[in-house]
Amino acid sequence: MSTATGTSSPPGAQPSREPARKPSTMAQALNRALRDALADDPDVHVFGEDVGTLGGVFRVTDGLAAEFGADRCTDTPLAEAGILGTAVGMAMYGMRPVVEMQFDAFAYPGFEQLVSHISRMRNRTRGALPMPLTVRIPYGGGIGGVEHHSDSSEAYYMATPGLHVVTPATVADAYGLLRKSIASDDPVVFLEPKRLYWGKDDWSPERPAEVPEIGRAVVRRPGSSATLITYGPSLPVCMEAAEAAARDEGLELEVVDLRSLVPFDEDTVVASVRRTGRAVVVHESTGFAGPGAEIAARVTERCFHHLEAPVLRVAGFDIPYPPPMLERHHLPDVDRVLDAVARLQWESEWRSGEESGGLGSLGGGVR
Amino acid sequence: MSTATGTSSPPGAQPSREPARKPSTMAQALNRALRDALADDPDVHVFGEDVGTLGGVFRVTDGLAAEFGADRCTDTPLAEAGILGTAVGMAMYGMRPVVEMQFDAFAYPGFEQLVSHISRMRNRTRGALPMPLTVRIPYGGGIGGVEHHSDSSEAYYMATPGLHVVTPATVADAYGLLRKSIASDDPVVFLEPKRLYWGKDDWSPERPAEVPEIGRAVVRRPGSSATLITYGPSLPVCMEAAEAAARDEGLELEVVDLRSLVPFDEDTVVASVRRTGRAVVVHESTGFAGPGAEIAARVTERCFHHLEAPVLRVAGFDIPYPPPMLERHHLPDVDRVLDAVARLQWESEWRSGEESGGLGSLGGGVR
Amino acid sequence: MTVLEQSGAYHLAPPPAWRPRRDPAPLMPDGEPFRLLGTEAELEGALLRELYGQLVRGRRFNEQATALTKQGRLAVYPSSTGQEAAEVAAALALREQDWLFPSYRDTLAAVARGLDPVAVLSLLRGDWHSGYDPRSTRVAPLSTPLATQLPHAVGLAHAARLKGDDVVALAMVGDGGTSEGDFHEALNFAAVWQAPVVFLVQNNGFAISVPLAKQTAAPSLAHKAVGYGMPGRLVDGNDAAAMHHVLTDAVERARAGEGPCLVEAVTYRLEAHTNADDATRYREAAEVESWREHDPVALMERELRSRGLLDDDGVREAGEAAERMAGDLRERMHQEPELAPMDLFDHVFARRTPQLQGQAEQLRAELAAAEAEHTGTAGGSGSTGHRTDDQGSRK
Amino acid sequence: MTVLEQSGAYHLAPPPAWRPRRDPAPLMPDGEPFRLLGTEAELEGALLRELYGQLVRGRRFNEQATALTKQGRLAVYPSSTGQEAAEVAAALALREQDWLFPSYRDTLAAVARGLDPVAVLSLLRGDWHSGYDPRSTRVAPLSTPLATQLPHAVGLAHAARLKGDDVVALAMVGDGGTSEGDFHEALNFAAVWQAPVVFLVQNNGFAISVPLAKQTAAPSLAHKAVGYGMPGRLVDGNDAAAMHHVLTDAVERARAGEGPCLVEAVTYRLEAHTNADDATRYREAAEVESWREHDPVALMERELRSRGLLDDDGVREAGEAAERMAGDLRERMHQEPELAPMDLFDHVFARRTPQLQGQAEQLRAELAAAEAEHTGTAGGSGSTGHRTDDQGSRK
Ligand SMILES: Cc1ncc(C[n+]2csc(CCOP(=O)(O)OP(=O)(O)O)c2C)c(N)n1
Ligand SMILES: Cc1ncc(C[n+]2csc(CCOP(=O)(O)OP(=O)(O)O)c2C)c(N)n1
Ligand SMILES: [Mg+2]
Ligand SMILES: [Mg+2]
């Protein structure tokens, strides 16, 4: 059963024993969250490119303009800085804008508004002008998108103080986290994993699951051998890898879904890694200076004395996102996760003063 | 003597025994590098806001328009995306543009051009359209600048595959690295530490020191106790901390100046940390998802079996850059570096299976 | 019918039935900047006198603020000397419920609107990024990244309209700022939404060192309005009466639901870009001198005198009032501002994250230790370790 | 005298000596889109016939490419059906040394310029981001981020001018793209630098689902030119002769050093935004139908027939030639493209960094292991560990 405390079923998990729910896609759950937010709070306004009449290119805003009118769900001119900049002004007047960037890479024209204003306006005015706005950004690859349609841009937002960075991996979380994000008095960059948009899960729009406050990770699968730390589009990969490891290797991998990259739920992650002693961070974003860098560094700092092996990272290569026909070579998959797990130095305990580094032989292969 | 192999004297180091050289500022060395590049290669073009008649707000382009004419050193309209976008077109035609963003935060309007085109054009065209352009960005704080004038934005550029990210810390490197950057057939984000612009060093414009290819770190001070990994504006802080540690604590800290964040000189850093067994990364940029995250994660992965303590980070707080009167509270200084060094678990060797983490008590204080 | 439903925007129809579109003629600016001073126009004496008083105050304010940079009391000051007419008119054209969106150069507009000068100067003094409450004063923070405040003004005005509130936003930008993409996007959104916004461009001839001819090839900056489908107005920016007339007109037009407007004030920056700039590097003294003859304060004084509305006593009184304001400002700015380092952590988010909480504790401990050392007591609890004397004093 | 030295840009002078500025009148577009077909204008028969052949080919190309999406041979195709006149005219207006800067919709312009259609379709097929050499073809990569290619065109044209080369750049953008900041900045740079660039806006009525009335309130998109100080021209985009005339004129004007120009082609997107779009959600069939009567191919056929320059045989011949092109394209697109996964690492930088070298080795080892498993041989050297059967096959 999907509950607020984090046992909502990930894609591919066992069906619950609750009264039957209609299967629903993540896109539908997001749509419902927007609808409920618009209905609950007259200050919520949805706008962006094609979000009105069309209902968005992913249909996440489908029907909202019809139900709430063009003043509450508005097609804008084609200008991302303009969208974010006007959202700032609306937030200054006490509204709660929810804007859509059509694709990850098309949020870049608005980068200055995001970094120089949205993230700083509250701080600049000592709290007088909070920015209760949500920037929805479909992100990541795996959908055969041509160039500029598959970026994982979360590292940029994580490195910007003043932004919350949230990303759901399940249908239930999509609803719950988007509601919390819209309700938040701080700006949230809400990253929607494109390739999970159509993933179905049992979920009831009549009794949508709540989630805890933003900033809480969840253990999606308990385990004692090692911890997989992941989020968004890579959760299904990690769940599958954990199944495979249990089946083929007898390893019990614990899978932590971060749900929010900022705030970062250090407690949940650290508790898991201290228990298992080994960890792999898995994400689609490029590895170098990517989200996994912070996670690995932070976890290592907090868990150093518990680690049997260095925290490893499985990430996209350090390259521009590949064209559709080559993207499968780039995306972290079950094999790469299991390869990394295999490199967690199961055979030998660490020995102080050992002469050559265990990973030295991998040379540049370390990602 | 400042040589190509990395013994160029950092600010505050001993004067060399070479024939006397005139003291020169970093701004002057950068100016000289631009002048020599313009003189050597007719395809080099310098442009940006106020770089012509005025010579730049930091006078780095002083005299260039007078010497090379307004077609080689050009004042542009006030539009950073336009500057970067036209630079792309000039590079497509075989030129070698060197553009200036007036301050760190004023590069953000051009973020899309940088990320979606400059970093990817070579890859997009399988090498047919390389982007031999240099984007000069004065960065960092410590100069009493009002909001938006003191950002450390290197994390954004590091996380963008296809960009080189270079930053000098000495007068000699300022010249040498800028020449190499302009000569590079790849796009370089050249980050100039504002607060070192006026730092003087013995340096001869008549015989400017060469540097090795971009991507080579340098050991600025040898030591055996622990390694300080740093770059740009934080190098002087680390040198001072190393002096203090030697004087007061009898610790010999090795100081590595990265000089380029991309490519990252793993070999030099890893060799140092394997030797010393302890490391602190020091930079001004915010800590969370900052440059130090990648450095700490990577070094840990490669040096895990040599580490006596986790790699620590001393960084700016995870806040928007403070106003002038408060910036001293934000910037990493000698004390904070020495505090981190003191936390490198000198007292105890690591014991396998130890129950509670040595850093657990620091809680959220880990940065 | 929604407030977004447009009149005026052109609908595409298939050729050959090309539908008549919005007529561009009424959008076009006049060939010459609009002027009132020195003309036969009927002008309200009380208004002229009020403008004069504000101009004199404004000039004195600019001088005082520049002096404060020399005394180390301001980190930097971008003076609007020579542009006081535009600054003052912008403030006076608004009603109480309206919003002003100033750029970093428009301290004076905020002060003329009645804000506490010390609070307005926070950004430039360096004690915080912004020193007043934008909600209660209806003045947005002085904006440093050029043109970025323009879409904010559009969004705010649009939000107010959606809520049915009677609010107009007036947004200020420089000639250089018109080259930024944000200028374009803001004007376009405003026109499509018919938002009640007035855009005021102060064309003061330069963007730092870059003269207008390197910034644009347009007939005038006001001509840009046509491409958005809003009227463009060209005004003598040193003629406070003309500025007040045109801006008031534009504001009331916007209030009446007739949409946005672009006003170009042709003026001149008499001082350097900021106290840190050296304007002799890029312009001739003769050019500056020629503009001094068109000084907005002097123009108004001449007008009032010629209309018999001002005599030497009046001039002296205005000067004395300005002097009192300046003296008061000087005195208050010489007091050290109260600094609260823990503020650094308190406004990043509504609540500190655990990470920020840890960092705040670290700074608090450092400050306590420094304090303890300073006062000679033994290291305070929470000392974070090694601290040499001279280093300690740096915190 | 530098090439940057301007004529035309207005210099600020102190009021009251307001200097005459650039006259806006010649910059203003006409009230109606310019047309040639169906008028009495003298037209060159050979040109009309060439345009007709290209239009027929172009229409067939669009149909074939759309069919290829249904067969899974293209990841996506944004068709220019209905816009062929503008596409073809853009290609034909250029001389060999000139550069074309197409957007993602302008595959056809590149093909009409003579590029290999298979190479041009790389982006949309998905085997690489761009499939031709821009330097040798003088066609920039199809640009996906809207309006971002416009400053590239300005920079390239400016660079060529600085080098003394005779090169004009023609840059294409949609009506939606005109709202982006990059559009504004590009046009402004071009006008200030007097760069030899022609900006062609294809106003096809929609930006995906958003109609022009929600995009702009301007009298026309061509009116935006005035605000940059360049001429704006409004053309019937479905009239290939008019398009060719106006574009050739603009290109030659730019070549002669008279600066940039903005051309708005009023046209209509007859198909959905791409094959993945459902246009019935946002527009009426009747509107589409009304535009079919103004179809660029049919218009040209009618003109040629009425001028006695085309008969049924000519129509059939043109159709057959187009059919051969389509058949050839279909056949070649049904061959699997050669994929080179290691290309992923080879063009990020001039030389692989050590980190990329390591990653390339990792992928090579994975591919070798997958290959070994696939061919039934024992795991190849360099196997990276655990690999289950079905997982291995996914690489
Ligand atoms: C986005 C951005 N780019 C660059 C700057 C640096 N800068 C500050 S003021 C200025 C010139 C502005 O000129 P203008 O818009 O004419 O205003 P003025 O200073 O004349 O009032 C520049 C380039 C900035 N503040 N923001
Ligand atoms: C910067 C940017 N934002 C958003 C998009 C997504 N997008 C692709 S095409 C399109 C509509 C473009 O409309 P228009 O410019 O009129 O060109 P058309 O498709 O009609 O040819 C949008 C919004 C994009 N490609 N780039
Ligand atoms: Mg100016
Ligand atoms: Mg369109």
# chains A, B, ... in the order shown; residues from 1 in each chain; ligands from 1
>>> residues_around(residues="Val218 of chain A", least_positions_apart="2", cutoff="12 Å", atoms="only C-alpha atoms", output="ChimeraX atom specification")
/A:3-10,168-170,173,211-216,220-222,228-231,235,254-260,264-269,271-272
>>> select_by_dssp(residues="segment 129-352 of chain B", states="strand (DSSP E)", output="PyMOL selection string")
chain B and resi 134-139+164-166+188-193+200-202+218-221+226-230+253-257+260-262+279-286+312-316
>>> write_last_selection(atoms="N, CA and C atoms", output="compact mmCIF listing (two decimals), in the first residue's frame")
# COMPACT_ATOMS: atom_id res chain seq x y z
N THR B 134 37.42 31.36 -25.92
CA THR B 134 37.74 31.54 -24.51
C THR B 134 36.74 32.51 -23.90
N VAL B 135 36.13 32.09 -22.82
CA VAL B 135 35.18 32.95 -22.12
C VAL B 135 35.83 33.36 -20.81
N ARG B 136 36.27 34.60 -20.75
CA ARG B 136 36.91 35.10 -19.52
C ARG B 136 35.84 35.57 -18.54
N ILE B 137 35.90 35.04 -17.33
CA ILE B 137 34.93 35.44 -16.31
C ILE B 137 35.65 35.78 -15.00
N PRO B 138 35.64 37.06 -14.62
CA PRO B 138 36.14 37.40 -13.28
C PRO B 138 35.21 36.77 -12.26
N TYR B 139 35.77 36.11 -11.24
CA TYR B 139 34.88 35.40 -10.32
C TYR B 139 35.36 35.50 -8.88
N HIS B 164 36.27 23.22 -21.02
CA HIS B 164 37.41 23.22 -20.12
C HIS B 164 37.22 24.36 -19.12
N VAL B 165 37.67 24.13 -17.90
CA VAL B 165 37.51 25.14 -16.86
C VAL B 165 38.87 25.38 -16.22
N VAL B 166 39.38 26.58 -16.44
CA VAL B 166 40.76 26.90 -16.07
C VAL B 166 40.74 28.09 -15.14
N VAL B 188 37.15 27.19 -23.57
CA VAL B 188 37.66 27.27 -22.20
C VAL B 188 36.89 28.35 -21.44
N VAL B 189 36.35 27.98 -20.29
CA VAL B 189 35.84 28.97 -19.36
C VAL B 189 37.02 29.35 -18.47
N PHE B 190 37.47 30.58 -18.64
CA PHE B 190 38.69 31.03 -17.97
C PHE B 190 38.29 31.92 -16.80
N LEU B 191 38.42 31.38 -15.62
CA LEU B 191 37.93 32.05 -14.42
C LEU B 191 39.05 32.84 -13.75
N GLU B 192 38.85 34.15 -13.68
CA GLU B 192 39.88 35.02 -13.12
C GLU B 192 39.50 35.43 -11.71
N PRO B 193 40.32 35.06 -10.74
CA PRO B 193 39.98 35.38 -9.34
C PRO B 193 40.12 36.87 -9.10
N LYS B 200 50.56 41.32 -6.60
CA LYS B 200 51.79 41.50 -7.38
C LYS B 200 52.73 40.32 -7.20
N ASP B 201 53.53 40.10 -8.21
CA ASP B 201 54.51 39.05 -8.15
C ASP B 201 55.64 39.45 -9.09
N ASP B 202 56.82 38.90 -8.84
CA ASP B 202 57.92 39.16 -9.77
C ASP B 202 57.64 38.40 -11.05
N VAL B 218 49.70 21.63 -10.03
CA VAL B 218 51.08 21.85 -9.61
C VAL B 218 51.15 21.85 -8.08
N VAL B 219 52.20 21.26 -7.57
CA VAL B 219 52.42 21.28 -6.12
C VAL B 219 53.11 22.60 -5.78
N ARG B 220 52.41 23.46 -5.06
CA ARG B 220 52.96 24.78 -4.75
C ARG B 220 53.86 24.73 -3.53
N ARG B 221 53.66 23.72 -2.71
CA ARG B 221 54.45 23.61 -1.48
C ARG B 221 54.47 22.14 -1.14
N ALA B 226 49.73 16.24 5.24
CA ALA B 226 48.39 16.22 4.65
C ALA B 226 48.44 17.08 3.40
N THR B 227 47.44 16.89 2.55
CA THR B 227 47.39 17.64 1.30
C THR B 227 46.25 18.65 1.33
N LEU B 228 46.56 19.90 0.99
CA LEU B 228 45.50 20.88 0.75
C LEU B 228 45.32 20.98 -0.76
N ILE B 229 44.09 20.70 -1.22
CA ILE B 229 43.80 20.77 -2.65
C ILE B 229 42.99 22.03 -2.90
N THR B 230 43.49 22.90 -3.76
CA THR B 230 42.82 24.18 -3.92
C THR B 230 43.06 24.75 -5.30
N LEU B 253 52.19 20.69 5.46
CA LEU B 253 51.07 20.52 4.54
C LEU B 253 51.53 20.69 3.09
N GLU B 254 51.14 19.76 2.27
CA GLU B 254 51.40 19.89 0.84
C GLU B 254 50.24 20.67 0.22
N VAL B 255 50.57 21.63 -0.63
CA VAL B 255 49.51 22.43 -1.26
C VAL B 255 49.50 22.18 -2.76
N VAL B 256 48.39 21.67 -3.24
CA VAL B 256 48.23 21.42 -4.68
C VAL B 256 47.31 22.49 -5.28
N ASP B 257 47.81 23.18 -6.28
CA ASP B 257 47.02 24.17 -7.02
C ASP B 257 46.53 23.49 -8.31
N SER B 260 43.50 23.80 -13.37
CA SER B 260 42.35 23.55 -14.23
C SER B 260 41.44 22.56 -13.52
N LEU B 261 40.16 22.87 -13.51
CA LEU B 261 39.18 21.99 -12.87
C LEU B 261 38.72 20.94 -13.88
N VAL B 262 38.71 21.32 -15.14
CA VAL B 262 38.46 20.40 -16.25
C VAL B 262 39.45 20.75 -17.34
N ALA B 279 43.63 14.67 3.42
CA ALA B 279 43.41 15.76 2.46
C ALA B 279 42.25 16.66 2.86
N VAL B 280 42.42 17.93 2.55
CA VAL B 280 41.34 18.91 2.69
C VAL B 280 41.22 19.66 1.37
N VAL B 281 40.00 19.76 0.86
CA VAL B 281 39.76 20.57 -0.34
C VAL B 281 39.29 21.94 0.12
N VAL B 282 39.87 22.97 -0.45
CA VAL B 282 39.54 24.33 -0.01
C VAL B 282 39.10 25.17 -1.21
N HIS B 283 37.91 25.70 -1.14
CA HIS B 283 37.49 26.67 -2.15
C HIS B 283 36.43 27.61 -1.59
N GLU B 284 36.22 28.70 -2.34
CA GLU B 284 35.30 29.75 -1.92
C GLU B 284 33.86 29.44 -2.27
N SER B 285 33.68 28.74 -3.38
CA SER B 285 32.35 28.36 -3.86
C SER B 285 31.58 27.66 -2.74
N THR B 286 30.26 27.72 -2.80
CA THR B 286 29.48 27.00 -1.80
C THR B 286 29.87 25.53 -1.81
N LEU B 312 38.19 16.10 3.79
CA LEU B 312 37.28 17.15 4.28
C LEU B 312 37.22 18.30 3.28
N ARG B 313 36.17 19.08 3.42
CA ARG B 313 36.02 20.25 2.54
C ARG B 313 35.87 21.51 3.38
N VAL B 314 36.59 22.54 2.98
CA VAL B 314 36.39 23.87 3.55
C VAL B 314 35.92 24.75 2.40
N ALA B 315 34.71 25.25 2.54
CA ALA B 315 34.09 25.95 1.42
C ALA B 315 33.26 27.11 1.93
N GLY B 316 32.75 27.90 0.99
CA GLY B 316 31.77 28.90 1.39
C GLY B 316 30.54 28.19 1.94
>>> closest_residue(among="B:Ala70, B:Val341, B:Met92, B:Leu307", to="Glu252 of chain B", atoms="only C-alpha atoms")
B:Val341
>>> residues_around(residues="Glu206 of chain A", least_positions_apart="3", cutoff="12 Å", atoms="only C-alpha atoms", output="list in words")
Arg21, Lys22, Ser24, Ala29, Arg32, Ala33, Asp36, Tyr175, Trp203 and Ala209 of chain A
>>> write_last_selection(atoms="C-alpha atoms", output="PDB file, in the first residue's frame")
ATOM      1  CA  ARG A  21      -7.018   0.828  -7.389  1.00  0.00           C
ATOM      2  CA  LYS A  22      -7.035   1.857 -10.983  1.00  0.00           C
ATOM      3  CA  SER A  24      -2.542   5.369 -13.139  1.00  0.00           C
ATOM      4  CA  ALA A  29      -0.944  11.790 -11.017  1.00  0.00           C
ATOM      5  CA  ARG A  32      -4.277  15.491 -10.621  1.00  0.00           C
ATOM      6  CA  ALA A  33      -1.901  17.257  -8.279  1.00  0.00           C
ATOM      7  CA  ASP A  36      -6.227  19.728  -6.810  1.00  0.00           C
ATOM      8  CA  TYR A 175       1.286  13.478  -6.678  1.00  0.00           C
ATOM      9  CA  TRP A 203      -2.906   4.654  -7.332  1.00  0.00           C
ATOM     10  CA  ALA A 209      -1.300   9.332  -0.962  1.00  0.00           C
TER      11      ALA A 209
END
>>> closest_atom_pairs(of="chain B", to="chain D", cutoff="6 Å", atoms="only C-alpha atoms", output="JSON lines")
{"residue": "B:Gly82", "atom": "CA", "partner": "D:Glu185", "partner_atom": "CA", "distance": 5.2}
{"residue": "B:Gly85", "atom": "CA", "partner": "D:Pro151", "partner_atom": "CA", "distance": 4.8}
{"residue": "B:Thr86", "atom": "CA", "partner": "D:Gly155", "partner_atom": "CA", "distance": 3.8}
{"residue": "B:Ala87", "atom": "CA", "partner": "D:Gly155", "partner_atom": "CA", "distance": 6.0}
{"residue": "B:Val88", "atom": "CA", "partner": "D:His152", "partner_atom": "CA", "distance": 5.6}
{"residue": "B:Gly89", "atom": "CA", "partner": "D:His152", "partner_atom": "CA", "distance": 3.9}
{"residue": "B:Met90", "atom": "CA", "partner": "D:Leu156", "partner_atom": "CA", "distance": 4.7}
{"residue": "B:Tyr93", "atom": "CA", "partner": "D:Leu156", "partner_atom": "CA", "distance": 5.6}
{"residue": "B:Asn123", "atom": "CA", "partner": "D:His347", "partner_atom": "CA", "distance": 4.5}
{"residue": "B:Arg124", "atom": "CA", "partner": "D:His129", "partner_atom": "CA", "distance": 5.1}
{"residue": "B:Thr125", "atom": "CA", "partner": "D:Ser130", "partner_atom": "CA", "distance": 5.7}
{"residue": "B:Arg126", "atom": "CA", "partner": "D:His347", "partner_atom": "CA", "distance": 5.6}
{"residue": "B:Gly127", "atom": "CA", "partner": "D:His347", "partner_atom": "CA", "distance": 5.6}
{"residue": "B:Gly162", "atom": "CA", "partner": "D:Val348", "partner_atom": "CA", "distance": 5.3}
>>> residues_near_ligand(ligand="ligand 4", cutoff="9 Å", atoms="only C-alpha atoms and all ligand atoms", output="MDAnalysis selection string")
chainID D and resid 173:177 201:208 210:212 268:269 273
>>> write_last_selection(atoms="N, CA, C and O atoms", output="PDB file, in the first residue's frame")
ATOM      1  N   VAL D 173      13.870  31.317 -38.602  1.00  0.00           N
ATOM      2  CA  VAL D 173      13.291  31.169 -37.262  1.00  0.00           C
ATOM      3  C   VAL D 173      11.772  31.194 -37.418  1.00  0.00           C
ATOM      4  O   VAL D 173      11.253  31.701 -38.418  1.00  0.00           O
ATOM      5  N   GLY D 174      11.065  30.643 -36.424  1.00  0.00           N
ATOM      6  CA  GLY D 174       9.604  30.628 -36.479  1.00  0.00           C
ATOM      7  C   GLY D 174       8.995  31.826 -35.777  1.00  0.00           C
ATOM      8  O   GLY D 174       9.692  32.592 -35.103  1.00  0.00           O
ATOM      9  N   ASP D 175       7.695  31.969 -35.930  1.00  0.00           N
ATOM     10  CA  ASP D 175       6.999  33.063 -35.248  1.00  0.00           C
ATOM     11  C   ASP D 175       7.182  32.947 -33.734  1.00  0.00           C
ATOM     12  O   ASP D 175       7.433  33.929 -33.040  1.00  0.00           O
ATOM     13  N   GLY D 176       7.097  31.733 -33.214  1.00  0.00           N
ATOM     14  CA  GLY D 176       7.292  31.549 -31.778  1.00  0.00           C
ATOM     15  C   GLY D 176       8.688  31.970 -31.352  1.00  0.00           C
ATOM     16  O   GLY D 176       8.872  32.617 -30.316  1.00  0.00           O
ATOM     17  N   GLY D 177       9.664  31.624 -32.170  1.00  0.00           N
ATOM     18  CA  GLY D 177      11.055  31.941 -31.842  1.00  0.00           C
ATOM     19  C   GLY D 177      11.318  33.428 -31.699  1.00  0.00           C
ATOM     20  O   GLY D 177      12.280  33.831 -31.029  1.00  0.00           O
ATOM     21  N   VAL D 201      11.713  35.139 -40.807  1.00  0.00           N
ATOM     22  CA  VAL D 201      10.742  34.581 -39.872  1.00  0.00           C
ATOM     23  C   VAL D 201       9.639  33.900 -40.676  1.00  0.00           C
ATOM     24  O   VAL D 201       8.978  34.546 -41.483  1.00  0.00           O
ATOM     25  N   GLN D 202       9.472  32.625 -40.466  1.00  0.00           N
ATOM     26  CA  GLN D 202       8.314  31.959 -41.057  1.00  0.00           C
ATOM     27  C   GLN D 202       7.192  32.007 -40.043  1.00  0.00           C
ATOM     28  O   GLN D 202       7.180  31.242 -39.073  1.00  0.00           O
ATOM     29  N   ASN D 203       6.279  32.901 -40.272  1.00  0.00           N
ATOM     30  CA  ASN D 203       5.106  33.000 -39.424  1.00  0.00           C
ATOM     31  C   ASN D 203       4.070  32.020 -39.954  1.00  0.00           C
ATOM     32  O   ASN D 203       3.323  32.320 -40.883  1.00  0.00           O
ATOM     33  N   ASN D 204       4.072  30.824 -39.360  1.00  0.00           N
ATOM     34  CA  ASN D 204       3.156  29.785 -39.831  1.00  0.00           C
ATOM     35  C   ASN D 204       1.944  29.659 -38.913  1.00  0.00           C
ATOM     36  O   ASN D 204       1.264  28.646 -38.884  1.00  0.00           O
ATOM     37  N   GLY D 205       1.726  30.709 -38.132  1.00  0.00           N
ATOM     38  CA  GLY D 205       0.484  30.789 -37.373  1.00  0.00           C
ATOM     39  C   GLY D 205       0.533  30.185 -35.992  1.00  0.00           C
ATOM     40  O   GLY D 205      -0.272  30.537 -35.126  1.00  0.00           O
ATOM     41  N   PHE D 206       1.472  29.282 -35.784  1.00  0.00           N
ATOM     42  CA  PHE D 206       1.498  28.570 -34.504  1.00  0.00           C
ATOM     43  C   PHE D 206       2.914  28.290 -34.019  1.00  0.00           C
ATOM     44  O   PHE D 206       3.818  28.074 -34.822  1.00  0.00           O
ATOM     45  N   ALA D 207       3.041  28.285 -32.721  1.00  0.00           N
ATOM     46  CA  ALA D 207       4.216  27.715 -32.072  1.00  0.00           C
ATOM     47  C   ALA D 207       3.663  26.500 -31.324  1.00  0.00           C
ATOM     48  O   ALA D 207       3.024  26.654 -30.284  1.00  0.00           O
ATOM     49  N   ILE D 208       3.869  25.332 -31.899  1.00  0.00           N
ATOM     50  CA  ILE D 208       3.136  24.137 -31.484  1.00  0.00           C
ATOM     51  C   ILE D 208       1.650  24.515 -31.437  1.00  0.00           C
ATOM     52  O   ILE D 208       1.068  24.759 -32.491  1.00  0.00           O
ATOM     53  N   VAL D 210       0.328  27.190 -29.770  1.00  0.00           N
ATOM     54  CA  VAL D 210       0.063  28.580 -29.388  1.00  0.00           C
ATOM     55  C   VAL D 210      -0.089  29.455 -30.627  1.00  0.00           C
ATOM     56  O   VAL D 210       0.850  29.594 -31.412  1.00  0.00           O
ATOM     57  N   PRO D 211      -1.249  30.049 -30.817  1.00  0.00           N
ATOM     58  CA  PRO D 211      -1.470  30.865 -32.005  1.00  0.00           C
ATOM     59  C   PRO D 211      -0.773  32.212 -31.891  1.00  0.00           C
ATOM     60  O   PRO D 211      -0.413  32.648 -30.788  1.00  0.00           O
ATOM     61  N   LEU D 212      -0.575  32.842 -33.027  1.00  0.00           N
ATOM     62  CA  LEU D 212       0.185  34.084 -33.068  1.00  0.00           C
ATOM     63  C   LEU D 212      -0.367  35.162 -32.127  1.00  0.00           C
ATOM     64  O   LEU D 212       0.391  35.930 -31.546  1.00  0.00           O
ATOM     65  N   TYR D 268       1.541  29.089 -43.398  1.00  0.00           N
ATOM     66  CA  TYR D 268       0.709  28.276 -42.512  1.00  0.00           C
ATOM     67  C   TYR D 268       1.269  26.858 -42.483  1.00  0.00           C
ATOM     68  O   TYR D 268       1.670  26.313 -43.511  1.00  0.00           O
ATOM     69  N   ARG D 269       1.263  26.291 -41.274  1.00  0.00           N
ATOM     70  CA  ARG D 269       1.738  24.912 -41.110  1.00  0.00           C
ATOM     71  C   ARG D 269       0.543  23.997 -41.341  1.00  0.00           C
ATOM     72  O   ARG D 269      -0.357  23.940 -40.503  1.00  0.00           O
ATOM     73  N   HIS D 273       2.418  19.918 -35.601  1.00  0.00           N
ATOM     74  CA  HIS D 273       3.755  20.425 -35.277  1.00  0.00           C
ATOM     75  C   HIS D 273       4.831  19.411 -35.657  1.00  0.00           C
ATOM     76  O   HIS D 273       5.805  19.728 -36.330  1.00  0.00           O
TER      77      HIS D 273
END
>>> interface_residues(of="chain B", to="chain A", cutoff="6 Å", atoms="only C-alpha atoms", output="ChimeraX atom specification")
/B:108-109,112,156,159,161,289,293-294,296-297,301-302,304-305,310,318-320,357,359
>>> atom_distance(atom1="atom CA of Asp151 of chain B", atom2="atom CA of Phe199 of chain C")
29.2 Å
>>> closest_residue(among="D:Arg281, D:Arg292, D:Arg161, D:Arg233", to="chain C", atoms="only C-alpha atoms")
D:Arg292
>>> select_by_dssp(residues="segment 69-190 of chain C", states="alpha helix (DSSP H)", output="ChimeraX atom specification")
/C:69-70,84-92,107-112,117-120,122-125,134-137,149-162,181-190
